[in-house]
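Asker: Pasting a structure here, questions to come.
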Amino acid sequence: MDRLKLVLQYFQSNSESISNGICIILSLISVKLYTSFDFNCPCLPQYNKMYALGVMFVPPIILFLLGVLVSRHTGVLMEEWVRPLGNRTKNPAVVKFLLSSMLQRALLAPMVWILMTLLDGKCLICAFSMNVDPKYFTGIPNSTGLELIKIMAKVPCKEDVIFKNSSFRKAVSRYVRCYSQAIGWSILLFFIFLGTVGRVLKPCFNHATFLQTRYWSNYLDIEQKLFDETCVLHARDFARKCVVQFFESMREDVTVRMPLSNALRPSTIQNEYEEEEEERLHGITRQDQVDHLLQTWYECKPELDVTNMAYKPKGCITWEDHNGKVLFSEV
């Protein structure tokens, strides 16, 4: 149970971990779908190749589109690509990094499906059994009166009666399956070799550029998250104040007479109320202000400079006596 909690905490830690978790889940789903899929080749010359290649490539396209759809990098990438320039320049390296990350994760599940079909061999047997030259095999059924192309199209159907007492079907199936598995293992070896070479040669390139690109891609994701969270908090406080204001407007005026205390003055209460409102709503208290804020955020993203926020000037209050001598100061 503790290990499960650690795994969940890892996947919830950041968007990259969540994307990795989604890719793993899609890969496991593709494995489960393929193992539970009942592959039935039509064993007809005009339909075999269409059916087999459809089973081999249509599900990977669906899995790829799902991977693109659920990836958060897709939204961040498109927002960064189509946004107006404003006060912030666009960095093509960040866009390429986001596109590369999105494609790598989205292609994982489709590649798992394709590799499984190749290693299993059923799809290629169904699609290309008609392209095998039968002269290299013995035991071909020649007393059925069928054309040779139709006999070869029936090779994937082991229940067919024409292959009842013949080893021809098994020989052709093994032959095509060997090619299919060789292609599958070659593709897997190629990707493993490519990943190894990339990992080994990565320090040989400018690592500082990679760190900068990765930092700003993460920044874009975090910035959008924080903006969405701030909008949600603002909308909640805005709605609460609208509802309270409505109820207050429906209430009849009541005059309450009470002695004025030095500890509780109207100006003090009003100042505290205004400070609280300013802190929660950031001074945005009307619909036109909210619309203008959102429009400005889209058209003119803020400049990447927080110097004024990091080094705010601090006010200093100094008490002096009648002669101008400083008694004490408070920041």
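Just remember, in the structure tokens the first chain shown is A, the second B, etc., residues are 1-based per chain, and ligands are 1-based in the order shown.
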Counting only C-alpha atoms, give me one row per residue of segment 110-180 of chain A with an atom at most 9 Å from an atom of segment 52-68 of chain A, showing the shortest contact pair and its distance in Å to one decimal, sorted by chain then residue number, as a tab-separated table.

Answerer:
residue	atom	partner	partner_atom	distance
A:Pro110	CA	A:Pro60	CA	4.1
A:Met111	CA	A:Pro60	CA	7.3
A:Val112	CA	A:Pro60	CA	8.6
A:Trp113	CA	A:Pro60	CA	6.4
A:Ile114	CA	A:Met56	CA	6.3
A:Thr117	CA	A:Met56	CA	6.6
A:Leu118	CA	A:Met56	CA	8.6
A:Lys122	CA	A:Ala52	CA	8.2
A:Cys123	CA	A:Ala52	CA	4.9
A:Leu124	CA	A:Ala52	CA	7.0
A:Ile125	CA	A:Ala52	CA	8.5
A:Cys126	CA	A:Ala52	CA	6.0
A:Ala127	CA	A:Ala52	CA	5.4

Asker: Write the residues of the preceding selection, restricted to C-alpha atoms, as an mmCIF file, in the first residue's frame.

Answerer:
data_model
loop_
_atom_site.group_PDB
_atom_site.id
_atom_site.type_symbol
_atom_site.label_atom_id
_atom_site.label_comp_id
_atom_site.auth_asym_id
_atom_site.auth_seq_id
_atom_site.Cartn_x
_atom_site.Cartn_y
_atom_site.Cartn_z
ATOM 1 C CA PRO A 110 1.083 2.897 -31.041
ATOM 2 C CA MET A 111 4.588 1.449 -31.255
ATOM 3 C CA VAL A 112 3.704 -1.142 -28.606
ATOM 4 C CA TRP A 113 0.681 -2.216 -30.674
ATOM 5 C CA ILE A 114 2.680 -2.429 -33.936
ATOM 6 C CA THR A 117 1.368 -7.433 -34.161
ATOM 7 C CA LEU A 118 4.751 -8.005 -35.790
ATOM 8 C CA LYS A 122 -0.938 -13.065 -37.586
ATOM 9 C CA CYS A 123 -1.390 -9.763 -39.418
ATOM 10 C CA LEU A 124 1.453 -10.314 -41.858
ATOM 11 C CA ILE A 125 0.390 -13.919 -42.477
ATOM 12 C CA CYS A 126 -3.075 -12.688 -43.367
ATOM 13 C CA ALA A 127 -1.803 -9.785 -45.492
#

Asker: So that I can check the surroundings of segment 15-30 of chain A, please list as number ranges by chain every protein, DNA and RNA residue that reaches within 8 Å of it, counting only C-alpha atoms and ignoring chain neighbours fewer than 3 positions away.

Answerer: A: 10-12, 33-34, 63, 67, 70-72, 105-106, 108-110, 112-113, 221

Asker: Can you pull out the residues contacting Tyr179 of chain A? Cut-off 10 Å, using only C-alpha atoms, and skip same-chain residues under 2 positions away; I want them as a list in words.

Answerer: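 Non-adjacent residues within range: Leu118, Leu119, Gly121, Leu124, Ile125, Arg174, Tyr175, Val176, Arg177, Gln181, Ala182, Ile183 and Gly184 of chain A.
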
Asker: Tell me, in Å to one decimal, how far atom CA of Thr74 of chain A is from atom CA of Gln212 of chain A.

Answerer: 19.9 Å

Asker: Excluding Gly86 of chain A and its own-chain neighbours fewer than 6 positions away, which residues fall within 9 Å of it when counting only C-alpha atoms? Please give them as number ranges by chain.

Answerer: A: 298-303

Asker: Identify all residues of segment 145-217 of chain A in alpha helix (DSSP H) (DSSP on the backbone) and supply them as a ChimeraX atom specification.

Answerer: /A:148-153,168-201,207-217

Asker: Neighbours of Phe137 of chain A within 10 Å (only C-alpha atoms; same-chain residues fewer than 6 positions away dropped), as a PDB file with all heavy atoms, in the first residue's frame?

Answerer:
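File result.pdb, as written:
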ATOM      1  N   SER A 167       0.719 -30.306 -44.663  1.00  0.00           N
ATOM      2  CA  SER A 167       1.597 -29.445 -43.858  1.00  0.00           C
ATOM      3  C   SER A 167       1.931 -28.152 -44.574  1.00  0.00           C
ATOM      4  O   SER A 167       2.748 -27.360 -44.089  1.00  0.00           O
ATOM      5  CB  SER A 167       2.892 -30.198 -43.529  1.00  0.00           C
ATOM      6  OG  SER A 167       3.582 -30.534 -44.735  1.00  0.00           O
ATOM      7  N   PHE A 168       1.321 -27.941 -45.733  1.00  0.00           N
ATOM      8  CA  PHE A 168       1.617 -26.746 -46.537  1.00  0.00           C
ATOM      9  C   PHE A 168       1.272 -25.475 -45.779  1.00  0.00           C
ATOM     10  O   PHE A 168       2.041 -24.509 -45.755  1.00  0.00           O
ATOM     11  CB  PHE A 168       0.840 -26.832 -47.856  1.00  0.00           C
ATOM     12  CG  PHE A 168       1.000 -25.630 -48.727  1.00  0.00           C
ATOM     13  CD1 PHE A 168       2.149 -25.460 -49.485  1.00  0.00           C
ATOM     14  CD2 PHE A 168       0.013 -24.649 -48.796  1.00  0.00           C
ATOM     15  CE1 PHE A 168       2.300 -24.331 -50.292  1.00  0.00           C
ATOM     16  CE2 PHE A 168       0.160 -23.533 -49.590  1.00  0.00           C
ATOM     17  CZ  PHE A 168       1.309 -23.376 -50.340  1.00  0.00           C
ATOM     18  N   ARG A 169       0.107 -25.413 -45.158  1.00  0.00           N
ATOM     19  CA  ARG A 169      -0.335 -24.203 -44.454  1.00  0.00           C
ATOM     20  C   ARG A 169       0.618 -23.834 -43.331  1.00  0.00           C
ATOM     21  O   ARG A 169       0.979 -22.664 -43.156  1.00  0.00           O
ATOM     22  CB  ARG A 169      -1.749 -24.400 -43.907  1.00  0.00           C
ATOM     23  CG  ARG A 169      -2.385 -23.126 -43.364  1.00  0.00           C
ATOM     24  CD  ARG A 169      -3.537 -23.413 -42.448  1.00  0.00           C
ATOM     25  NE  ARG A 169      -3.083 -24.021 -41.222  1.00  0.00           N
ATOM     26  CZ  ARG A 169      -2.568 -23.337 -40.188  1.00  0.00           C
ATOM     27  NH1 ARG A 169      -2.456 -22.032 -40.256  1.00  0.00           N
ATOM     28  NH2 ARG A 169      -2.162 -23.972 -39.107  1.00  0.00           N
ATOM     29  N   ALA A 171       3.772 -24.627 -43.015  1.00  0.00           N
ATOM     30  CA  ALA A 171       5.073 -24.214 -43.548  1.00  0.00           C
ATOM     31  C   ALA A 171       5.035 -22.763 -44.024  1.00  0.00           C
ATOM     32  O   ALA A 171       5.942 -21.968 -43.735  1.00  0.00           O
ATOM     33  CB  ALA A 171       5.484 -25.145 -44.683  1.00  0.00           C
ATOM     34  N   VAL A 172       3.990 -22.405 -44.760  1.00  0.00           N
ATOM     35  CA  VAL A 172       3.870 -21.021 -45.227  1.00  0.00           C
ATOM     36  C   VAL A 172       3.695 -20.063 -44.053  1.00  0.00           C
ATOM     37  O   VAL A 172       4.285 -18.978 -44.019  1.00  0.00           O
ATOM     38  CB  VAL A 172       2.691 -20.901 -46.214  1.00  0.00           C
ATOM     39  CG1 VAL A 172       2.485 -19.444 -46.618  1.00  0.00           C
ATOM     40  CG2 VAL A 172       2.929 -21.752 -47.442  1.00  0.00           C
ATOM     41  N   TYR A 175       6.963 -19.492 -42.366  1.00  0.00           N
ATOM     42  CA  TYR A 175       7.829 -18.682 -43.219  1.00  0.00           C
ATOM     43  C   TYR A 175       7.504 -17.186 -43.079  1.00  0.00           C
ATOM     44  O   TYR A 175       8.396 -16.359 -42.860  1.00  0.00           O
ATOM     45  CB  TYR A 175       7.651 -19.136 -44.669  1.00  0.00           C
ATOM     46  CG  TYR A 175       8.434 -18.348 -45.681  1.00  0.00           C
ATOM     47  CD1 TYR A 175       9.805 -18.553 -45.848  1.00  0.00           C
ATOM     48  CD2 TYR A 175       7.813 -17.397 -46.492  1.00  0.00           C
ATOM     49  CE1 TYR A 175      10.529 -17.827 -46.781  1.00  0.00           C
ATOM     50  CE2 TYR A 175       8.522 -16.663 -47.423  1.00  0.00           C
ATOM     51  CZ  TYR A 175       9.876 -16.885 -47.557  1.00  0.00           C
ATOM     52  OH  TYR A 175      10.595 -16.157 -48.488  1.00  0.00           O
TER      53      TYR A 175
END

Asker: Can I get the residues of segment 231-253 of chain A within 12 Å of segment 282-285 of chain A, each with the closest pair of atoms and their distance in Å to one decimal, using only C-alpha atoms, sorted chain first then ascending number, as a Markdown table?

Answerer:
| residue | atom | partner | partner_atom | distance |
| --- | --- | --- | --- | --- |
| A:Cys231 | CA | A:His282 | CA | 11.0 |
| A:Leu233 | CA | A:His282 | CA | 11.0 |
| A:His234 | CA | A:His282 | CA | 8.4 |
| A:Ala235 | CA | A:Ile284 | CA | 10.4 |
| A:Asp237 | CA | A:Thr285 | CA | 10.0 |
| A:Phe238 | CA | A:Thr285 | CA | 7.3 |
| A:Ala239 | CA | A:Thr285 | CA | 10.5 |
| A:Arg240 | CA | A:Thr285 | CA | 11.9 |
| A:Lys241 | CA | A:Thr285 | CA | 9.4 |
| A:Cys242 | CA | A:Thr285 | CA | 9.6 |

Asker: Take the residues from that selection and put them in a file with N, CA and C atoms, as an mmCIF file, in the first residue's frame.

Answerer:
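Result file follows (out-v3.cif):
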data_model
loop_
_atom_site.group_PDB
_atom_site.id
_atom_site.type_symbol
_atom_site.label_atom_id
_atom_site.label_comp_id
_atom_site.auth_asym_id
_atom_site.auth_seq_id
_atom_site.Cartn_x
_atom_site.Cartn_y
_atom_site.Cartn_z
ATOM 1 N N CYS A 231 -7.466 32.251 -11.374
ATOM 2 C CA CYS A 231 -8.780 32.597 -11.937
ATOM 3 C C CYS A 231 -9.899 31.878 -11.195
ATOM 4 N N LEU A 233 -9.838 30.894 -8.004
ATOM 5 C CA LEU A 233 -9.987 31.545 -6.694
ATOM 6 C C LEU A 233 -10.679 32.896 -6.834
ATOM 7 N N HIS A 234 -10.302 33.650 -7.856
ATOM 8 C CA HIS A 234 -10.938 34.954 -8.068
ATOM 9 C C HIS A 234 -12.416 34.781 -8.390
ATOM 10 N N ALA A 235 -12.746 33.794 -9.240
ATOM 11 C CA ALA A 235 -14.151 33.568 -9.592
ATOM 12 C C ALA A 235 -14.966 33.156 -8.368
ATOM 13 N N ASP A 237 -14.326 33.974 -5.141
ATOM 14 C CA ASP A 237 -14.525 35.151 -4.296
ATOM 15 C C ASP A 237 -15.465 36.156 -4.955
ATOM 16 N N PHE A 238 -15.346 36.296 -6.282
ATOM 17 C CA PHE A 238 -16.227 37.211 -7.010
ATOM 18 C C PHE A 238 -17.685 36.762 -6.893
ATOM 19 N N ALA A 239 -17.907 35.460 -7.060
ATOM 20 C CA ALA A 239 -19.275 34.939 -6.948
ATOM 21 C C ALA A 239 -19.810 35.083 -5.522
ATOM 22 N N ARG A 240 -18.940 34.829 -4.546
ATOM 23 C CA ARG A 240 -19.386 34.946 -3.155
ATOM 24 C C ARG A 240 -19.787 36.378 -2.834
ATOM 25 N N LYS A 241 -18.982 37.350 -3.291
ATOM 26 C CA LYS A 241 -19.302 38.748 -3.002
ATOM 27 C C LYS A 241 -20.559 39.196 -3.755
ATOM 28 N N CYS A 242 -20.754 38.673 -4.984
ATOM 29 C CA CYS A 242 -21.974 39.015 -5.716
ATOM 30 C C CYS A 242 -23.211 38.502 -4.995
#

Asker: Out of A:Lys164, A:Arg199, A:Arg236, A:Lys154, which residue has the shortest atom-to-atom distance to Leu281 of chain A when counting only C-alpha atoms?

Answerer: A:Arg236

Asker: In Å to one decimal, how far is atom CA of Leu98 of chain A from atom CA of Asp305 of chain A?

Answerer: 22.5 Å

Asker: Interatomic distance between atom CA of Gln287 of chain A and atom CA of Glu79 of chain A?

Answerer: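 Atom CA of Glu79 of chain A lies 24.3 Å from atom CA of Gln287 of chain A.
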
Asker: May I have the residues within 9 Å of Cys157 of chain A as a list of chain:residue names, using only C-alpha atoms and disregarding those fewer than 4 positions away in the same chain?

Answerer: A:Asn40, A:Cys41, A:Pro42, A:Cys43, A:Cys126, A:Ala153, A:Phe163, A:Arg169

Asker: Given the selection you just returned, output its residues as a file containing C-alpha atoms, formatted as a compact mmCIF listing (two decimals), in the first residue's frame.

Answerer:
# COMPACT_ATOMS: atom_id res chain seq x y z
CA ASN A 40 -10.27 -13.40 -37.82
CA CYS A 41 -8.74 -13.17 -41.25
CA PRO A 42 -11.44 -13.24 -43.98
CA CYS A 43 -9.31 -15.59 -46.13
CA CYS A 126 -3.07 -12.69 -43.37
CA ALA A 153 -5.43 -16.62 -49.33
CA PHE A 163 -5.44 -28.09 -45.40
CA ARG A 169 -0.33 -24.20 -44.45
